[in-house]
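What follows is final35.pdb (PDB, C-alpha atoms).
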ATOM      1  CA  MET A   8     116.990  49.622 130.603
ATOM      2  CA  VAL A   9     116.983  50.299 126.887
ATOM      3  CA  ARG A  10     114.081  48.626 125.076
ATOM      4  CA  HIS A  11     114.422  47.194 121.572
ATOM      5  CA  PHE A  12     111.822  45.729 119.204
ATOM      6  CA  LEU A  13     113.613  42.977 117.329
ATOM      7  CA  ARG A  14     110.840  40.370 117.227
ATOM      8  CA  ASP A  15     107.132  40.341 117.988
ATOM      9  CA  ASP A  16     107.450  38.768 121.419
ATOM     10  CA  ASP A  17     109.718  41.556 122.643
ATOM     11  CA  LEU A  18     106.417  43.095 123.770
ATOM     12  CA  THR A  19     104.372  41.368 126.456
ATOM     13  CA  PRO A  20     100.614  41.119 125.835
ATOM     14  CA  ALA A  21     100.034  44.156 128.060
ATOM     15  CA  GLU A  22     102.799  46.137 126.340
ATOM     16  CA  GLN A  23     101.522  45.244 122.877
ATOM     17  CA  ALA A  24      98.076  46.483 123.926
ATOM     18  CA  GLU A  25      99.637  49.752 125.195
ATOM     19  CA  VAL A  26     101.378  50.367 121.871
ATOM     20  CA  LEU A  27      98.233  49.605 119.857
ATOM     21  CA  GLU A  28      96.149  51.863 122.077
ATOM     22  CA  LEU A  29      98.675  54.663 121.613
ATOM     23  CA  ALA A  30      98.631  54.045 117.842
ATOM     24  CA  ALA A  31      94.862  54.523 117.814
ATOM     25  CA  VAL A  32      95.197  57.756 119.792
ATOM     26  CA  MET A  33      97.917  59.029 117.446
ATOM     27  CA  LYS A  34      95.768  58.206 114.417
ATOM     28  CA  ARG A  35      92.919  60.290 115.814
ATOM     29  CA  ASP A  36      95.279  63.192 116.627
ATOM     30  CA  ARG A  37      97.884  62.748 113.928
ATOM     31  CA  PHE A  38      99.946  65.886 114.549
ATOM     32  CA  GLY A  39      99.407  66.256 118.285
ATOM     33  CA  TYR A  40     102.383  64.245 119.566
ATOM     34  CA  ARG A  41     105.952  65.599 119.369
ATOM     35  CA  PRO A  42     108.224  63.360 121.507
ATOM     36  CA  LEU A  43     111.101  63.829 119.032
ATOM     37  CA  GLU A  44     110.888  67.618 119.134
ATOM     38  CA  GLY A  45     114.337  69.128 119.035
ATOM     39  CA  PRO A  46     114.564  67.642 116.523
ATOM     40  CA  ARG A  47     116.003  64.333 117.689
ATOM     41  CA  THR A  48     117.373  62.161 114.873
ATOM     42  CA  VAL A  49     116.442  58.553 114.133
ATOM     43  CA  ALA A  50     118.750  56.552 111.830
ATOM     44  CA  VAL A  51     116.724  54.523 109.310
ATOM     45  CA  LEU A  52     118.979  51.997 107.564
ATOM     46  CA  PHE A  53     118.109  49.876 104.534
ATOM     47  CA  ASP A  54     120.033  46.868 103.293
ATOM     48  CA  LYS A  55     116.996  45.899 101.190
ATOM     49  CA  PRO A  56     114.545  47.816  98.955
ATOM     50  CA  SER A  57     111.537  49.390 100.611
ATOM     51  CA  THR A  58     108.510  51.519  99.800
ATOM     52  CA  ARG A  59     106.028  51.436 102.695
ATOM     53  CA  THR A  60     108.657  51.071 105.418
ATOM     54  CA  ARG A  61     110.771  53.930 104.084
ATOM     55  CA  ILE A  62     107.786  56.258 103.624
ATOM     56  CA  SER A  63     106.072  55.460 106.908
ATOM     57  CA  PHE A  64     109.176  55.800 109.070
ATOM     58  CA  ALA A  65     110.371  59.005 107.365
ATOM     59  CA  VAL A  66     106.936  60.616 107.545
ATOM     60  CA  GLY A  67     106.249  59.335 111.039
ATOM     61  CA  ILE A  68     109.531  60.578 112.501
ATOM     62  CA  ALA A  69     108.894  64.010 110.975
ATOM     63  CA  GLU A  70     105.367  64.084 112.422
ATOM     64  CA  LEU A  71     106.807  63.247 115.853
ATOM     65  CA  GLY A  72     108.983  66.371 115.566
ATOM     66  CA  GLY A  73     112.171  64.494 114.690
ATOM     67  CA  HIS A  74     114.555  64.029 111.770
ATOM     68  CA  ALA A  75     114.913  60.786 109.821
ATOM     69  CA  LEU A  76     118.471  60.069 108.673
ATOM     70  CA  VAL A  77     117.833  57.540 105.876
ATOM     71  CA  LEU A  78     120.858  55.524 104.735
ATOM     72  CA  ASP A  79     121.202  52.711 102.189
ATOM     73  CA  ALA A  80     123.836  50.004 102.368
ATOM     74  CA  GLY A  81     125.256  51.234  99.084
ATOM     75  CA  THR A  82     125.841  54.729 100.419
ATOM     76  CA  SER A  83     127.263  53.924 103.859
ATOM     77  CA  GLN A  84     130.390  52.223 105.185
ATOM     78  CA  LEU A  85     128.195  49.449 106.595
ATOM     79  CA  GLY A  86     127.680  48.307 103.011
ATOM     80  CA  ARG A  87     131.464  48.198 102.509
ATOM     81  CA  GLY A  88     132.043  45.880 105.437
ATOM     82  CA  GLU A  89     132.393  48.141 108.479
ATOM     83  CA  SER A  90     131.510  46.031 111.490
ATOM     84  CA  ILE A  91     128.027  46.216 112.980
ATOM     85  CA  ALA A  92     129.545  46.800 116.421
ATOM     86  CA  ASP A  93     131.506  49.830 115.246
ATOM     87  CA  THR A  94     128.484  51.238 113.427
ATOM     88  CA  ALA A  95     126.356  50.789 116.561
ATOM     89  CA  ARG A  96     128.868  52.665 118.722
ATOM     90  CA  VAL A  97     129.012  55.595 116.293
ATOM     91  CA  LEU A  98     125.245  55.839 115.869
ATOM     92  CA  GLU A  99     124.471  55.817 119.600
ATOM     93  CA  ARG A 100     126.554  58.983 120.039
ATOM     94  CA  GLN A 101     124.423  60.895 117.528
ATOM     95  CA  VAL A 102     120.899  59.484 117.160
ATOM     96  CA  GLY A 103     117.987  58.716 119.475
ATOM     97  CA  ALA A 104     117.006  55.392 117.891
ATOM     98  CA  ILE A 105     117.995  53.032 115.068
ATOM     99  CA  VAL A 106     115.589  51.432 112.573
ATOM    100  CA  TRP A 107     117.093  48.752 110.335
ATOM    101  CA  ARG A 108     115.843  46.611 107.432
ATOM    102  CA  THR A 109     118.401  43.889 106.872
ATOM    103  CA  SER A 110     118.737  40.168 106.142
ATOM    104  CA  ALA A 111     119.827  37.851 108.957
ATOM    105  CA  GLN A 112     118.129  38.288 112.337
ATOM    106  CA  GLU A 113     121.555  37.925 113.949
ATOM    107  CA  ARG A 114     122.652  41.211 112.358
ATOM    108  CA  ILE A 115     120.002  43.311 114.062
ATOM    109  CA  GLU A 116     120.531  41.460 117.331
ATOM    110  CA  GLU A 117     124.231  42.352 117.132
ATOM    111  CA  MET A 118     123.308  46.003 116.510
ATOM    112  CA  ALA A 119     121.040  46.028 119.558
ATOM    113  CA  ALA A 120     123.708  44.397 121.714
ATOM    114  CA  GLY A 121     126.210  47.101 120.795
ATOM    115  CA  THR A 122     124.205  50.271 121.342
ATOM    116  CA  SER A 123     122.517  52.190 124.135
ATOM    117  CA  VAL A 124     119.605  53.483 122.022
ATOM    118  CA  PRO A 125     116.457  51.571 120.981
ATOM    119  CA  VAL A 126     116.765  49.408 117.852
ATOM    120  CA  VAL A 127     113.712  48.565 115.741
ATOM    121  CA  ASN A 128     113.445  45.638 113.331
ATOM    122  CA  ALA A 129     112.067  47.057 110.083
ATOM    123  CA  LEU A 130     112.232  43.545 108.526
ATOM    124  CA  THR A 131     114.652  40.660 108.609
ATOM    125  CA  ASP A 132     114.490  37.300 106.874
ATOM    126  CA  LEU A 133     112.989  35.869 110.074
ATOM    127  CA  PHE A 134     110.516  38.511 111.307
ATOM    128  CA  HIS A 135     108.538  41.570 110.162
ATOM    129  CA  PRO A 136     107.188  42.780 113.500
ATOM    130  CA  CYS A 137     106.341  46.395 112.587
ATOM    131  CA  GLN A 138     104.051  45.105 109.834
ATOM    132  CA  ILE A 139     102.202  42.902 112.296
ATOM    133  CA  LEU A 140     101.616  45.831 114.677
ATOM    134  CA  ALA A 141      99.977  47.698 111.787
ATOM    135  CA  ASP A 142      97.969  44.591 110.880
ATOM    136  CA  LEU A 143      96.728  44.196 114.448
ATOM    137  CA  GLN A 144      95.710  47.857 114.540
ATOM    138  CA  THR A 145      93.785  47.309 111.291
ATOM    139  CA  VAL A 146      92.000  44.222 112.612
ATOM    140  CA  ALA A 147      91.123  45.968 115.871
ATOM    141  CA  GLU A 148      89.625  48.886 113.934
ATOM    142  CA  ALA A 149      87.525  46.577 111.776
ATOM    143  CA  LYS A 150      86.455  44.131 114.478
ATOM    144  CA  GLY A 151      86.452  46.225 117.629
ATOM    145  CA  GLY A 152      89.129  44.121 119.335
ATOM    146  CA  LEU A 153      91.572  41.278 118.871
ATOM    147  CA  LYS A 154      91.248  38.652 121.596
ATOM    148  CA  GLY A 155      89.476  35.497 120.431
ATOM    149  CA  LEU A 156      89.518  36.349 116.725
ATOM    150  CA  THR A 157      90.959  33.941 114.149
ATOM    151  CA  LEU A 158      93.555  35.074 111.606
ATOM    152  CA  ALA A 159      94.557  32.681 108.826
ATOM    153  CA  TYR A 160      97.720  33.310 106.833
ATOM    154  CA  PHE A 161      98.310  31.674 103.432
ATOM    155  CA  GLY A 162     101.532  31.230 101.479
ATOM    156  CA  ASP A 163     105.103  30.552 102.507
ATOM    157  CA  GLY A 164     104.982  29.193 106.051
ATOM    158  CA  ALA A 165     108.723  29.631 106.432
ATOM    159  CA  ASN A 166     108.846  33.356 105.712
ATOM    160  CA  ASN A 167     109.036  36.369 108.010
ATOM    161  CA  MET A 168     105.332  37.241 107.771
ATOM    162  CA  ALA A 169     104.240  33.772 108.881
ATOM    163  CA  HIS A 170     106.676  33.878 111.792
ATOM    164  CA  SER A 171     105.551  37.320 112.912
ATOM    165  CA  TYR A 172     101.859  36.435 112.615
ATOM    166  CA  LEU A 173     102.507  33.429 114.848
ATOM    167  CA  LEU A 174     104.098  35.480 117.623
ATOM    168  CA  GLY A 175     102.152  38.712 117.229
ATOM    169  CA  CYS A 176      98.684  37.162 117.027
ATOM    170  CA  ALA A 177      99.395  34.753 119.880
ATOM    171  CA  THR A 178     100.492  37.735 121.993
ATOM    172  CA  ALA A 179      97.165  39.427 121.198
ATOM    173  CA  GLY A 180      95.217  36.356 122.345
ATOM    174  CA  MET A 181      94.129  35.438 118.818
ATOM    175  CA  HIS A 182      93.812  32.062 117.127
ATOM    176  CA  VAL A 183      96.420  32.004 114.365
ATOM    177  CA  ARG A 184      96.405  29.488 111.532
ATOM    178  CA  ILE A 185      99.179  29.030 108.998
ATOM    179  CA  GLY A 186      98.018  27.480 105.707
ATOM    180  CA  ALA A 187     101.204  26.569 103.838
ATOM    181  CA  PRO A 188     102.752  23.807 101.722
ATOM    182  CA  ALA A 189     103.950  20.909 103.863
ATOM    183  CA  ALA A 190     107.423  21.439 102.419
ATOM    184  CA  LEU A 191     107.543  25.028 103.730
ATOM    185  CA  PRO A 192     106.483  24.967 107.383
ATOM    186  CA  PRO A 193     107.317  27.693 109.921
ATOM    187  CA  GLU A 194     110.428  27.352 112.071
ATOM    188  CA  PRO A 195     109.575  24.775 114.781
ATOM    189  CA  ALA A 196     111.107  26.920 117.522
ATOM    190  CA  ILE A 197     108.883  29.852 116.558
ATOM    191  CA  VAL A 198     105.784  27.642 116.486
ATOM    192  CA  ALA A 199     106.693  26.357 119.939
ATOM    193  CA  ARG A 200     107.184  29.897 121.248
ATOM    194  CA  ALA A 201     103.821  30.974 119.774
ATOM    195  CA  GLU A 202     102.115  27.991 121.405
ATOM    196  CA  GLU A 203     103.702  28.949 124.726
ATOM    197  CA  ILE A 204     102.408  32.525 124.430
ATOM    198  CA  ALA A 205      98.957  31.400 123.247
ATOM    199  CA  ALA A 206      98.626  29.138 126.266
ATOM    200  CA  SER A 207      98.893  32.218 128.476
ATOM    201  CA  THR A 208      96.696  34.566 126.401
ATOM    202  CA  GLY A 209      93.828  32.237 125.447
ATOM    203  CA  GLY A 210      94.852  32.002 121.811
ATOM    204  CA  SER A 211      95.851  28.974 119.765
ATOM    205  CA  VAL A 212      98.178  27.957 116.943
ATOM    206  CA  THR A 213      97.416  25.744 113.947
ATOM    207  CA  VAL A 214      99.786  24.843 111.118
ATOM    208  CA  THR A 215      98.195  22.965 108.216
ATOM    209  CA  SER A 216      98.729  22.280 104.538
ATOM    210  CA  ASP A 217      94.935  22.247 104.059
ATOM    211  CA  ALA A 218      94.006  25.751 102.875
ATOM    212  CA  ALA A 219      90.261  25.135 103.240
ATOM    213  CA  ARG A 220      90.743  24.047 106.853
ATOM    214  CA  ALA A 221      92.808  27.134 107.603
ATOM    215  CA  ALA A 222      90.182  29.461 106.121
ATOM    216  CA  ALA A 223      87.108  27.839 107.687
ATOM    217  CA  GLY A 224      85.201  30.492 109.671
ATOM    218  CA  ALA A 225      88.259  32.754 109.989
ATOM    219  CA  ASP A 226      87.752  36.436 110.819
ATOM    220  CA  VAL A 227      90.820  37.563 108.881
ATOM    221  CA  LEU A 228      92.556  36.121 105.811
ATOM    222  CA  ALA A 229      96.114  37.326 105.198
ATOM    223  CA  THR A 230      98.687  36.648 102.539
ATOM    224  CA  ASP A 231     101.995  37.922 101.185
ATOM    225  CA  THR A 232     103.859  37.878  97.884
ATOM    226  CA  TRP A 233     105.034  34.392  96.963
ATOM    227  CA  VAL A 234     108.458  35.736  95.973
ATOM    228  CA  SER A 235     110.226  37.553  98.787
ATOM    229  CA  MET A 236     113.163  39.886  98.245
ATOM    230  CA  GLY A 237     116.188  37.905  97.117
ATOM    231  CA  GLN A 238     114.120  34.914  95.956
ATOM    232  CA  GLU A 239     113.415  36.102  92.424
ATOM    233  CA  GLY A 240     113.056  33.291  89.896
ATOM    234  CA  LYS A 241     111.894  30.611  92.337
ATOM    235  CA  ASP A 242     109.170  28.091  91.428
ATOM    236  CA  THR A 243     105.845  29.255  92.933
ATOM    237  CA  SER A 244     103.692  26.321  91.793
ATOM    238  CA  LEU A 245     103.656  24.945  95.364
ATOM    239  CA  TYR A 246     101.761  28.034  96.536
ATOM    240  CA  GLU A 247      98.915  27.939  94.015
ATOM    241  CA  PRO A 248      96.448  26.086  96.321
ATOM    242  CA  TYR A 249      96.946  28.898  98.875
ATOM    243  CA  ALA A 250      95.899  31.833  96.697
ATOM    244  CA  VAL A 251      93.444  34.119  98.483
ATOM    245  CA  ASP A 252      90.634  34.287  95.928
ATOM    246  CA  GLU A 253      86.844  34.372  95.986
ATOM    247  CA  ALA A 254      86.602  30.613  96.600
ATOM    248  CA  LEU A 255      88.889  30.690  99.637
ATOM    249  CA  LEU A 256      87.224  33.826 101.018
ATOM    250  CA  SER A 257      83.819  32.102 100.789
ATOM    251  CA  ARG A 258      85.041  29.604 103.409
ATOM    252  CA  ALA A 259      85.800  32.346 105.937
ATOM    253  CA  ASP A 260      83.357  34.129 108.221
ATOM    254  CA  GLY A 261      80.807  36.190 106.300
ATOM    255  CA  GLU A 262      82.266  39.394 107.746
ATOM    256  CA  ALA A 263      85.910  38.404 107.295
ATOM    257  CA  ILE A 264      88.423  40.998 106.142
ATOM    258  CA  VAL A 265      91.516  40.471 103.990
ATOM    259  CA  LEU A 266      95.071  41.706 104.619
ATOM    260  CA  HIS A 267      98.126  41.879 102.365
ATOM    261  CA  CYS A 268     101.330  43.661 103.394
ATOM    262  CA  LEU A 269     102.114  44.651  99.766
ATOM    263  CA  PRO A 270     103.513  44.673  97.155
ATOM    264  CA  ALA A 271     100.663  42.553  95.754
ATOM    265  CA  TYR A 272     100.581  40.548  92.547
ATOM    266  CA  ARG A 273      97.004  40.215  91.352
ATOM    267  CA  GLY A 274      96.261  36.771  89.955
ATOM    268  CA  LYS A 275      99.086  35.191  91.966
ATOM    269  CA  GLU A 276      98.831  35.149  95.787
ATOM    270  CA  ILE A 277      95.580  37.185  95.717
ATOM    271  CA  SER A 278      92.882  37.760  93.113
ATOM    272  CA  ALA A 279      92.116  41.266  91.872
ATOM    273  CA  ALA A 280      88.491  40.866  92.959
ATOM    274  CA  VAL A 281      89.537  40.197  96.556
ATOM    275  CA  LEU A 282      92.344  42.767  96.769
ATOM    276  CA  ASP A 283      90.184  45.526  95.330
ATOM    277  CA  GLY A 284      86.891  44.266  96.773
ATOM    278  CA  PRO A 285      84.769  45.411  99.717
ATOM    279  CA  ARG A 286      86.324  42.957 102.193
ATOM    280  CA  SER A 287      89.846  44.249 101.561
ATOM    281  CA  ALA A 288      91.423  46.189 104.462
ATOM    282  CA  VAL A 289      94.744  46.419 102.642
ATOM    283  CA  TRP A 290      94.856  50.183 102.208
ATOM    284  CA  ASN A 291      93.990  50.855 105.854
ATOM    285  CA  GLU A 292      96.691  48.325 106.694
ATOM    286  CA  ALA A 293      99.234  50.257 104.610
ATOM    287  CA  GLU A 294      98.285  53.551 106.286
ATOM    288  CA  ASN A 295      98.530  52.012 109.735
ATOM    289  CA  ARG A 296     102.241  51.353 109.273
ATOM    290  CA  LEU A 297     102.577  55.081 109.970
ATOM    291  CA  HIS A 298     100.509  55.188 113.147
ATOM    292  CA  ALA A 299     101.721  51.891 114.622
ATOM    293  CA  GLN A 300     105.390  52.788 114.109
ATOM    294  CA  LYS A 301     104.972  56.286 115.547
ATOM    295  CA  ALA A 302     103.432  54.718 118.636
ATOM    296  CA  LEU A 303     106.167  52.094 118.839
ATOM    297  CA  LEU A 304     108.999  54.645 118.618
ATOM    298  CA  THR A 305     107.333  56.839 121.239
ATOM    299  CA  TRP A 306     106.800  53.869 123.549
ATOM    300  CA  LEU A 307     110.358  52.546 123.169
ATOM    301  CA  LEU A 308     111.948  55.944 123.791
ATOM    302  CA  GLN A 309     109.841  56.579 126.868
ATOM    303  CA  ARG A 310     110.471  53.114 128.273
ATOM    304  CA  SER A 311     114.212  53.481 127.640
ATOM    305  CA  GLU A 312     114.555  56.701 129.622
ATOM    306  CA  PRO A 313     116.407  56.345 132.945
ATOM    307  CA  GLY A 314     113.963  55.403 135.698
ATOM    308  CA  ALA A 315     111.085  54.843 133.259
ATOM    309  CA  GLU A 316     108.614  52.248 134.524
ATOM    310  CA  SER A 317     105.084  53.328 133.629
ATOM    311  CA  GLY A 318     103.311  53.244 130.282
ATOM    312  CA  PRO A 319     103.502  55.964 127.671
ATOM    313  CA  GLU A 320     101.573  59.194 127.878
ATOM    314  CA  GLY A 321     102.925  60.713 124.671
ATOM    315  CA  SER A 322     103.814  64.402 124.702
ATOM    316  CA  ALA A 323     100.681  66.099 123.566
ATOM    317  CA  PRO A 324     100.853  69.878 123.467
TER     318      PRO A 324
END

Let's see the structure in the file written out as structure tokens.
Amino acid sequence: MVRHFLRDDDLTPAEQAEVLELAAVMKRDRFGYRPLEGPRTVAVLFDKPSTRTRISFAVGIAELGGHALVLDAGTSQLGRGESIADTARVLERQVGAIVWRTSAQERIEEMAAGTSVPVVNALTDLFHPCQILADLQTVAEAKGGLKGLTLAYFGDGANNMAHSYLLGCATAGMHVRIGAPAALPPEPAIVARAEEIAASTGGSVTVTSDAARAAAGADVLATDTWVSMGQEGKDTSLYEPYAVDEALLSRADGEAIVLHCLPAYRGKEISAAVLDGPRSAVWNEAENRLHAQKALLTWLLQRSEPGAESGPEGSAP
């Protein structure tokens, strides 16, 4: 059965752990795995701007021995209205996997439904699951594990990062807190799903408008730009109590680290002193997009092969 990664809970807790373990192995032996040797081609589609996603997928696919076919909406027929179903049928005849950054979650679900190759969500308005894999790898490196740790996210509770932290951290057995304006809570269905997962992994879920409560004793503070793509010009005054600055960090655990998926705006959602300070793990987080996504692609391709049942072994020389 073909495996896709469209949202964070497409991986079970055991599967998520397998991917993160493989990511750590691939980071230690960066050029030792060539599962795309051939080269096999991976289509990397962008309906929205990208820096880290574009770089990390293109570099990662090359390091796996493959070829990244990078297409923008403005330079493909998909951007002129060709149906997703038709695009999916064409791509599956020529590429080994599809990576797509788009808007509505329904679009990538339609792509996955219409193709026989793995589809990876490189960001939608609802989820950003590849980013959370990299974030979990970063936390595990800094803390030696994930289960039982507390991650607090601050900012827009209704955005894709908040939703993916809810599902991804709950899957890892973490305690996830969302500190967000009461007017911008996460999707109730996603909160309910995260609570369901947390009940089975030993984690927990908290949604609060009290930033100090969310930060209290947390092992990880995370934030995101207050203005997501397509929201330029919106009023950000609601977010000001949720800025990750020195005062908020002082409420966290004394060894807490800070994450930001970038791009960052110093003096807005995060202070310069925190972003550039000794507790910042942001640059490791950015690098880990590469390793986490290489591991994910390898895992999905191996699990999608006919008769595949066991975990990944990579294809080390």

**OP:** Go ahead and compute the interatomic distance for CA of Asp142 in chain A and CA of Leu266 in chain A, in Å to one decimal.
**Re:** 7.5 Å

Subject >> Target residues per the PyMOL selection byres ((chain A and resi 244-257) around 9), formatted as a ChimeraX atom specification >> reply: /A:161-163,186-188,190,216-219,222-223,228-230,233,242-243,258-261,263-265,274-282

**OP:** Output the residue selection produced by the PyMOL selection byres ((chain A and resi 10-26) around 9) on the file above, formatted as a PyMOL selection string.
**Re:** chain A and resi 8-9+27-31+112+115-116+119+124-130+133-137+139-140+170-175+177-180+200-201+204+208+299+302-303+305-308+310-311+318-319

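Nearest residue to Asn166 in chain A, choosing from A:Leu76, A:Ile185, A:Thr215, A:Gly151 and counting only C-alpha atoms: A:Ile185.
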
Might you pull out every residue within 9 Å of Glu292 in chain A, with only C-alpha atoms counted and same-chain residues fewer than 5 positions away left off, and present them as a PDB file with C-alpha atoms, keeping the file's coordinate frame?
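Output (selection28.pdb):
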ATOM      1  CA  GLN A 138     104.051  45.105 109.834  1.00  0.00           C
ATOM      2  CA  ALA A 141      99.977  47.698 111.787  1.00  0.00           C
ATOM      3  CA  ASP A 142      97.969  44.591 110.880  1.00  0.00           C
ATOM      4  CA  LEU A 143      96.728  44.196 114.448  1.00  0.00           C
ATOM      5  CA  GLN A 144      95.710  47.857 114.540  1.00  0.00           C
ATOM      6  CA  THR A 145      93.785  47.309 111.291  1.00  0.00           C
ATOM      7  CA  VAL A 146      92.000  44.222 112.612  1.00  0.00           C
ATOM      8  CA  LEU A 266      95.071  41.706 104.619  1.00  0.00           C
ATOM      9  CA  HIS A 267      98.126  41.879 102.365  1.00  0.00           C
ATOM     10  CA  CYS A 268     101.330  43.661 103.394  1.00  0.00           C
TER      11      CYS A 268
END

Original post:
Near Gln84 in chain A, counting only C-alpha atoms, which residues have an atom at most 12 Å away, once you skip same-chain residues fewer than 5 positions from it, shown as a ChimeraX atom specification?
Top reply: /A:52,54,78-79,89-91,93-94,97

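When CA of Ala288 in chain A is paired with CA of Ala149 in chain A, their separation reads 8.3 Å.
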